[in-house]
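Pasted below: coords_10.txt, compact mmCIF, N, CA and C atoms.
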```
# COMPACT_ATOMS: atom_id res chain seq x y z
N MET M 1 0.84 -1.17 0.00
CA MET M 1 0.00 0.00 0.00
C MET M 1 0.88 1.23 0.00
N ARG M 2 0.62 2.13 -0.90
CA ARG M 2 1.42 3.34 -1.03
C ARG M 2 1.01 4.38 -0.02
N ALA M 3 2.00 5.12 0.49
CA ALA M 3 1.73 6.19 1.44
C ALA M 3 1.13 7.38 0.69
N THR M 4 0.21 8.06 1.36
CA THR M 4 -0.38 9.24 0.76
C THR M 4 0.63 10.37 0.81
N LYS M 5 0.82 11.00 -0.32
CA LYS M 5 1.81 12.07 -0.41
C LYS M 5 1.08 13.41 -0.30
N THR M 6 1.22 14.05 0.86
CA THR M 6 0.50 15.30 1.08
C THR M 6 1.41 16.52 1.10
N VAL M 7 2.72 16.32 1.14
CA VAL M 7 3.65 17.44 1.18
C VAL M 7 4.28 17.60 -0.19
N ARG M 8 4.25 18.83 -0.69
CA ARG M 8 4.84 19.10 -2.00
C ARG M 8 6.06 19.98 -1.84
N ARG M 9 7.05 19.72 -2.66
CA ARG M 9 8.26 20.52 -2.69
C ARG M 9 8.60 20.79 -4.14
N SER M 10 9.23 21.92 -4.37
CA SER M 10 9.70 22.27 -5.71
C SER M 10 11.22 22.18 -5.69
N VAL M 11 11.80 21.58 -6.72
CA VAL M 11 13.24 21.40 -6.77
C VAL M 11 13.78 22.06 -8.03
N ALA M 12 14.77 22.93 -7.84
CA ALA M 12 15.43 23.54 -8.98
C ALA M 12 16.70 22.75 -9.26
N MET M 13 17.01 22.53 -10.53
CA MET M 13 18.22 21.79 -10.88
C MET M 13 18.80 22.33 -12.17
N THR M 14 20.05 22.02 -12.37
CA THR M 14 20.73 22.46 -13.59
C THR M 14 20.22 21.64 -14.78
N PRO M 15 20.39 22.16 -15.96
CA PRO M 15 19.99 21.38 -17.15
C PRO M 15 20.76 20.05 -17.24
N GLN M 16 22.01 20.05 -16.81
CA GLN M 16 22.80 18.81 -16.86
C GLN M 16 22.22 17.75 -15.90
N LEU M 17 21.85 18.19 -14.69
CA LEU M 17 21.26 17.26 -13.74
C LEU M 17 19.92 16.74 -14.26
N ARG M 18 19.15 17.63 -14.85
CA ARG M 18 17.85 17.22 -15.42
C ARG M 18 18.04 16.22 -16.54
N ALA M 19 19.09 16.40 -17.35
CA ALA M 19 19.37 15.46 -18.45
C ALA M 19 19.76 14.09 -17.89
N ARG M 20 20.56 14.07 -16.84
CA ARG M 20 20.93 12.80 -16.20
C ARG M 20 19.71 12.10 -15.63
N LEU M 21 18.83 12.88 -15.03
CA LEU M 21 17.60 12.33 -14.48
C LEU M 21 16.74 11.73 -15.60
N GLN M 22 16.65 12.42 -16.70
CA GLN M 22 15.86 11.92 -17.83
C GLN M 22 16.46 10.64 -18.40
N GLN M 23 17.79 10.56 -18.45
CA GLN M 23 18.44 9.32 -18.90
C GLN M 23 18.06 8.15 -18.00
N LEU M 24 18.02 8.40 -16.70
CA LEU M 24 17.64 7.36 -15.76
C LEU M 24 16.20 6.93 -15.97
N ILE M 25 15.32 7.89 -16.19
CA ILE M 25 13.91 7.58 -16.44
C ILE M 25 13.77 6.76 -17.73
N ASP M 26 14.51 7.14 -18.75
CA ASP M 26 14.44 6.45 -20.04
C ASP M 26 14.96 5.02 -19.95
N GLN M 27 15.85 4.73 -19.01
CA GLN M 27 16.43 3.39 -18.89
C GLN M 27 15.56 2.43 -18.09
N GLN M 28 14.51 2.92 -17.48
CA GLN M 28 13.67 2.07 -16.64
C GLN M 28 12.86 1.10 -17.50
N ASP M 29 12.76 -0.17 -17.01
CA ASP M 29 12.00 -1.19 -17.72
C ASP M 29 10.50 -0.92 -17.65
N LYS M 30 10.06 -0.39 -16.54
CA LYS M 30 8.64 -0.17 -16.36
C LYS M 30 8.37 1.34 -16.31
N GLU M 31 7.12 1.64 -16.35
CA GLU M 31 6.73 3.05 -16.26
C GLU M 31 7.01 3.56 -14.85
N ILE M 32 7.88 4.52 -14.74
CA ILE M 32 8.20 5.13 -13.45
C ILE M 32 8.27 6.64 -13.67
N THR M 33 7.72 7.35 -12.72
CA THR M 33 7.65 8.80 -12.88
C THR M 33 8.93 9.46 -12.37
N GLU M 34 9.12 10.66 -12.82
CA GLU M 34 10.25 11.45 -12.35
C GLU M 34 10.15 11.68 -10.84
N ALA M 35 8.95 11.93 -10.36
CA ALA M 35 8.73 12.16 -8.93
C ALA M 35 9.12 10.93 -8.12
N GLU M 36 8.80 9.73 -8.63
CA GLU M 36 9.15 8.51 -7.91
C GLU M 36 10.67 8.34 -7.81
N ILE M 37 11.38 8.65 -8.87
CA ILE M 37 12.84 8.56 -8.85
C ILE M 37 13.43 9.58 -7.88
N ILE M 38 12.90 10.79 -7.88
CA ILE M 38 13.38 11.81 -6.96
C ILE M 38 13.11 11.41 -5.51
N ARG M 39 11.91 10.88 -5.23
CA ARG M 39 11.60 10.41 -3.87
C ARG M 39 12.55 9.30 -3.46
N GLN M 40 12.83 8.36 -4.36
CA GLN M 40 13.77 7.27 -4.06
C GLN M 40 15.16 7.81 -3.77
N ALA M 41 15.59 8.79 -4.54
CA ALA M 41 16.92 9.39 -4.31
C ALA M 41 16.97 10.07 -2.94
N ILE M 42 15.90 10.73 -2.55
CA ILE M 42 15.86 11.38 -1.23
C ILE M 42 15.89 10.33 -0.14
N ARG M 43 15.10 9.24 -0.30
CA ARG M 43 15.09 8.15 0.70
C ARG M 43 16.49 7.56 0.86
N GLU M 44 17.16 7.26 -0.25
CA GLU M 44 18.49 6.67 -0.18
C GLU M 44 19.49 7.63 0.46
N TYR M 45 19.38 8.91 0.15
CA TYR M 45 20.26 9.90 0.76
C TYR M 45 20.03 9.96 2.27
N LEU M 46 18.78 10.01 2.68
CA LEU M 46 18.47 10.07 4.11
C LEU M 46 18.91 8.81 4.84
N ASP M 47 18.75 7.65 4.21
CA ASP M 47 19.20 6.41 4.83
C ASP M 47 20.71 6.43 5.07
N ARG M 48 21.46 6.94 4.13
CA ARG M 48 22.92 7.03 4.31
C ARG M 48 23.28 8.03 5.40
N GLN M 49 22.48 9.07 5.57
CA GLN M 49 22.78 10.09 6.57
C GLN M 49 22.58 9.58 7.99
N GLU M 50 21.77 8.57 8.17
CA GLU M 50 21.55 8.03 9.52
C GLU M 50 22.84 7.56 10.14
N ASP M 51 23.81 7.16 9.34
CA ASP M 51 25.10 6.74 9.88
C ASP M 51 25.90 7.92 10.41
N ILE M 52 25.50 9.11 10.08
CA ILE M 52 26.27 10.30 10.46
C ILE M 52 25.59 11.08 11.58
N THR M 53 24.28 11.07 11.65
CA THR M 53 23.56 12.01 12.50
C THR M 53 23.40 11.60 13.95
N GLY M 54 23.92 10.46 14.37
CA GLY M 54 23.77 10.07 15.76
C GLY M 54 22.42 9.46 16.06
N SER M 55 21.77 8.94 15.06
CA SER M 55 20.48 8.30 15.25
C SER M 55 20.67 6.95 15.94
N LYS M 56 19.57 6.28 16.23
CA LYS M 56 19.65 4.95 16.83
C LYS M 56 20.41 4.00 15.91
N VAL M 57 20.18 4.12 14.62
CA VAL M 57 20.88 3.25 13.67
C VAL M 57 22.38 3.48 13.79
N HIS M 58 22.77 4.75 13.87
CA HIS M 58 24.19 5.08 14.00
C HIS M 58 24.75 4.53 15.32
N PHE M 59 24.02 4.75 16.40
CA PHE M 59 24.48 4.27 17.71
C PHE M 59 24.66 2.76 17.70
N HIS M 60 23.68 2.03 17.17
CA HIS M 60 23.76 0.56 17.14
C HIS M 60 24.92 0.10 16.28
N LYS M 61 25.13 0.78 15.16
CA LYS M 61 26.24 0.39 14.28
C LYS M 61 27.57 0.63 14.97
N VAL M 62 27.74 1.80 15.58
CA VAL M 62 28.99 2.11 16.28
C VAL M 62 29.19 1.15 17.44
N PHE M 63 28.13 0.87 18.20
CA PHE M 63 28.22 -0.03 19.34
C PHE M 63 28.60 -1.43 18.88
N ARG M 64 27.95 -1.92 17.83
CA ARG M 64 28.24 -3.26 17.31
C ARG M 64 29.69 -3.32 16.80
N ASP M 65 30.13 -2.28 16.09
CA ASP M 65 31.50 -2.25 15.58
C ASP M 65 32.50 -2.27 16.73
N ARG M 66 32.21 -1.51 17.80
CA ARG M 66 33.12 -1.45 18.95
C ARG M 66 33.18 -2.80 19.66
N ILE M 67 32.03 -3.44 19.82
CA ILE M 67 32.00 -4.77 20.45
C ILE M 67 32.82 -5.75 19.60
N ASP M 68 32.67 -5.68 18.28
CA ASP M 68 33.44 -6.56 17.40
C ASP M 68 34.94 -6.33 17.56
N GLU M 69 35.34 -5.04 17.65
CA GLU M 69 36.75 -4.70 17.86
C GLU M 69 37.25 -5.27 19.18
N LEU M 70 36.47 -5.09 20.24
CA LEU M 70 36.88 -5.59 21.55
C LEU M 70 36.98 -7.11 21.56
N GLN M 71 36.05 -7.76 20.88
CA GLN M 71 36.09 -9.22 20.79
C GLN M 71 37.34 -9.68 20.05
N ASP M 72 37.67 -9.00 18.96
CA ASP M 72 38.89 -9.35 18.22
C ASP M 72 40.14 -9.12 19.07
N ASP M 73 40.17 -7.99 19.80
CA ASP M 73 41.31 -7.70 20.68
C ASP M 73 41.43 -8.76 21.77
N LEU M 74 40.32 -9.11 22.39
CA LEU M 74 40.33 -10.12 23.45
C LEU M 74 40.83 -11.46 22.92
N GLU M 75 40.32 -11.85 21.76
CA GLU M 75 40.74 -13.11 21.16
C GLU M 75 42.24 -13.11 20.88
N PHE M 76 42.75 -12.01 20.36
CA PHE M 76 44.19 -11.92 20.08
C PHE M 76 45.00 -12.05 21.37
N HIS M 77 44.58 -11.32 22.40
CA HIS M 77 45.32 -11.36 23.66
C HIS M 77 45.26 -12.75 24.30
N LEU M 78 44.13 -13.41 24.19
CA LEU M 78 44.04 -14.78 24.70
C LEU M 78 44.99 -15.72 23.96
N HIS M 79 45.10 -15.54 22.65
CA HIS M 79 46.03 -16.35 21.86
C HIS M 79 47.47 -16.11 22.30
N VAL M 80 47.79 -14.85 22.57
CA VAL M 80 49.15 -14.53 23.04
C VAL M 80 49.41 -15.19 24.39
N ILE M 81 48.46 -15.09 25.30
CA ILE M 81 48.63 -15.70 26.63
C ILE M 81 48.77 -17.21 26.51
N ILE M 82 47.94 -17.84 25.70
CA ILE M 82 48.01 -19.29 25.51
C ILE M 82 49.39 -19.68 24.96
N ALA M 83 49.86 -18.92 23.98
CA ALA M 83 51.18 -19.22 23.39
C ALA M 83 52.29 -19.07 24.43
N LEU M 84 52.22 -18.00 25.22
CA LEU M 84 53.24 -17.79 26.25
C LEU M 84 53.25 -18.92 27.28
N VAL M 85 52.09 -19.30 27.76
CA VAL M 85 52.00 -20.38 28.74
C VAL M 85 52.50 -21.68 28.14
N ALA M 86 52.06 -21.99 26.92
CA ALA M 86 52.47 -23.24 26.28
C ALA M 86 53.98 -23.28 26.06
N HIS M 87 54.55 -22.19 25.62
CA HIS M 87 56.00 -22.17 25.39
C HIS M 87 56.75 -22.29 26.72
N GLY M 88 56.25 -21.63 27.75
CA GLY M 88 56.88 -21.74 29.06
C GLY M 88 56.82 -23.16 29.61
N LEU M 89 55.66 -23.78 29.47
CA LEU M 89 55.51 -25.16 29.94
C LEU M 89 56.37 -26.12 29.12
N ALA M 90 56.48 -25.86 27.82
CA ALA M 90 57.29 -26.73 26.96
C ALA M 90 58.76 -26.68 27.37
N VAL M 91 59.19 -25.59 27.97
CA VAL M 91 60.56 -25.49 28.46
C VAL M 91 60.69 -26.14 29.85
N MET M 92 59.67 -25.94 30.70
CA MET M 92 59.76 -26.40 32.09
C MET M 92 59.43 -27.89 32.26
N LEU M 93 58.43 -28.40 31.59
CA LEU M 93 57.99 -29.78 31.82
C LEU M 93 59.08 -30.83 31.58
N PRO M 94 59.87 -30.71 30.52
CA PRO M 94 60.92 -31.73 30.33
C PRO M 94 61.91 -31.83 31.49
N VAL M 95 62.08 -30.74 32.23
CA VAL M 95 62.96 -30.78 33.39
C VAL M 95 62.41 -31.75 34.44
N PHE M 96 61.10 -31.77 34.61
CA PHE M 96 60.48 -32.61 35.63
C PHE M 96 60.11 -34.01 35.13
N THR M 97 59.72 -34.10 33.88
CA THR M 97 59.22 -35.38 33.35
C THR M 97 60.26 -36.15 32.54
N GLU M 98 61.31 -35.47 32.15
CA GLU M 98 62.34 -36.03 31.28
C GLU M 98 61.77 -36.49 29.95
N GLN M 99 60.66 -35.89 29.54
CA GLN M 99 60.06 -36.17 28.23
C GLN M 99 59.90 -34.85 27.49
N SER M 100 60.28 -34.87 26.24
CA SER M 100 60.18 -33.67 25.41
C SER M 100 58.74 -33.46 24.95
N ILE M 101 58.29 -32.22 24.97
CA ILE M 101 56.95 -31.88 24.47
C ILE M 101 57.00 -30.46 23.90
N THR M 102 56.28 -30.26 22.81
CA THR M 102 56.29 -28.94 22.18
C THR M 102 55.10 -28.11 22.66
N ALA M 103 55.20 -26.82 22.43
CA ALA M 103 54.09 -25.93 22.79
C ALA M 103 52.83 -26.31 22.02
N VAL M 104 52.96 -26.67 20.77
CA VAL M 104 51.81 -27.06 19.94
C VAL M 104 51.14 -28.31 20.51
N GLU M 105 51.93 -29.27 20.93
CA GLU M 105 51.38 -30.49 21.52
C GLU M 105 50.63 -30.18 22.82
N LEU M 106 51.18 -29.26 23.61
CA LEU M 106 50.49 -28.86 24.84
C LEU M 106 49.15 -28.20 24.55
N ILE M 107 49.14 -27.32 23.57
CA ILE M 107 47.89 -26.63 23.20
C ILE M 107 46.87 -27.63 22.67
N GLN M 108 47.31 -28.56 21.82
CA GLN M 108 46.39 -29.57 21.29
C GLN M 108 45.81 -30.43 22.42
N ALA M 109 46.64 -30.84 23.36
CA ALA M 109 46.16 -31.64 24.48
C ALA M 109 45.18 -30.86 25.34
N ALA M 110 45.44 -29.58 25.52
CA ALA M 110 44.53 -28.74 26.31
C ALA M 110 43.18 -28.58 25.61
N ILE M 111 43.19 -28.45 24.30
CA ILE M 111 41.94 -28.31 23.55
C ILE M 111 41.12 -29.59 23.66
N VAL M 112 41.76 -30.73 23.50
CA VAL M 112 41.05 -32.02 23.61
C VAL M 112 40.48 -32.18 25.01
N SER M 113 41.29 -31.88 26.01
CA SER M 113 40.84 -32.00 27.40
C SER M 113 39.68 -31.07 27.68
N ALA M 114 39.77 -29.84 27.21
CA ALA M 114 38.69 -28.87 27.44
C ALA M 114 37.40 -29.33 26.78
N ALA M 115 37.50 -29.89 25.59
CA ALA M 115 36.31 -30.37 24.88
C ALA M 115 35.66 -31.54 25.62
N GLN M 116 36.47 -32.39 26.20
CA GLN M 116 35.93 -33.56 26.90
C GLN M 116 35.40 -33.21 28.29
N ASP M 117 36.02 -32.25 28.94
CA ASP M 117 35.70 -31.96 30.34
C ASP M 117 35.00 -30.61 30.54
N THR M 118 34.36 -30.09 29.54
CA THR M 118 33.75 -28.76 29.62
C THR M 118 32.80 -28.63 30.80
N GLN M 119 31.88 -29.55 30.94
CA GLN M 119 30.88 -29.44 32.01
C GLN M 119 31.52 -29.53 33.39
N ALA M 120 32.46 -30.43 33.56
CA ALA M 120 33.14 -30.56 34.86
C ALA M 120 33.90 -29.30 35.20
N VAL M 121 34.58 -28.73 34.23
CA VAL M 121 35.33 -27.49 34.47
C VAL M 121 34.38 -26.36 34.83
N LYS M 122 33.25 -26.26 34.13
CA LYS M 122 32.27 -25.22 34.44
C LYS M 122 31.74 -25.36 35.87
N ARG M 123 31.46 -26.58 36.28
CA ARG M 123 30.98 -26.81 37.65
C ARG M 123 32.04 -26.38 38.67
N GLN M 124 33.29 -26.71 38.40
CA GLN M 124 34.36 -26.32 39.31
C GLN M 124 34.50 -24.81 39.40
N ILE M 125 34.39 -24.14 38.28
CA ILE M 125 34.47 -22.68 38.26
C ILE M 125 33.30 -22.08 39.04
N ASP M 126 32.12 -22.60 38.79
CA ASP M 126 30.93 -22.09 39.50
C ASP M 126 31.05 -22.30 41.01
N THR M 127 31.60 -23.45 41.41
CA THR M 127 31.78 -23.73 42.83
C THR M 127 32.72 -22.72 43.46
N VAL M 128 33.81 -22.42 42.79
CA VAL M 128 34.77 -21.45 43.31
C VAL M 128 34.15 -20.06 43.37
N ARG M 129 33.39 -19.69 42.37
CA ARG M 129 32.75 -18.37 42.35
C ARG M 129 31.73 -18.20 43.47
N GLU M 130 31.07 -19.27 43.83
CA GLU M 130 30.03 -19.19 44.86
C GLU M 130 30.62 -19.06 46.26
N GLN M 131 31.86 -19.39 46.44
CA GLN M 131 32.49 -19.32 47.77
C GLN M 131 32.78 -17.92 48.21
```
As structure tokens, how would this structure be written, given the file I've shared?
Amino acid sequence: MRATKTVRRSVAMTPQLRARLQQLIDQQDKEITEAEIIRQAIREYLDRQEDITGSKVHFHKVFRDRIDELQDDLEFHLHVIIALVAHGLAVMLPVFTEQSITAVELIQAAIVSAAQDTQAVKRQIDTVREQ
């Protein structure tokens, strides 16, 4: 259902702009009026401006982008910490166990263990938090 158009505006344009508009009208497959193309251009322009004006759309976009950045930063820092711990353990463990192990092997073993023991680990964490 089309909205009732009750507000009228007059637009002045250069002959060059009018010629470009006419080319666009001529290229349309179906019958479309000049007014409809102008309204669509205004809608598209206003939609793009929402990213600039501090609207809810802008706020949500900025907020979502910032959360994505923070998530990427957190993930990177966790990878660095995991690598540091694994490399440190790969140096220290052979001293105690007399068996060689690489940082990659330690990380792989930790991933397998975490996948198998997820629920038990969560319960242990929850128990400690409740104390």
* **Exercise: stretch 81-91 of chain M partners within 7 Å, all atoms listed in the file, chain neighbours under 2 positions left out, as a PyMOL selection string** => chain M and resi 76-79+93-95+101-104+106-107
* Where in stretch 4-124 of chain M does DSSP assign alpha helix (DSSP H), given as a ChimeraX atom specification? -> /M:15-27,34-49,56-97,103-116,118-124
* Which distance in Å separates atom N of M:Arg9 and atom CA of M:Ala35, to one decimal? ->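 Atom N of M:Arg9 sits 10.0 Å away from atom CA of M:Ala35.
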* By how many Å are atom CA of M:Gln108 and atom CA of M:Met92 apart? ->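 Separating atom CA of M:Gln108 from atom CA of M:Met92 is a distance of 17.5 Å.
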* Can you tell me how far atom C of M:Ser100 sits from atom C of M:Asp117, in Å to one decimal? ->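 Separation of atom C of M:Ser100 and atom C of M:Asp117: 24.6 Å.
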* Just the residues within 8 Å of stretch 15-27 of chain M, please, counting all atoms listed in the file, with nothing from its chain fewer than 6 positions along; format it as a VMD selection string. => chain M and resid 33 to 34 37
Let me have the centre and edge lengths in Å, one decimal, of the box along x, y and z around every listed atom of stretch 92-106 of chain M with 3 Å of margin on each side, as AutoDock Vina command-line options.
```
--center_x 56.1 --center_y -31.2 --center_z 27.8 --size_x 19.8 --size_y 16.6 --size_z 21.7
```
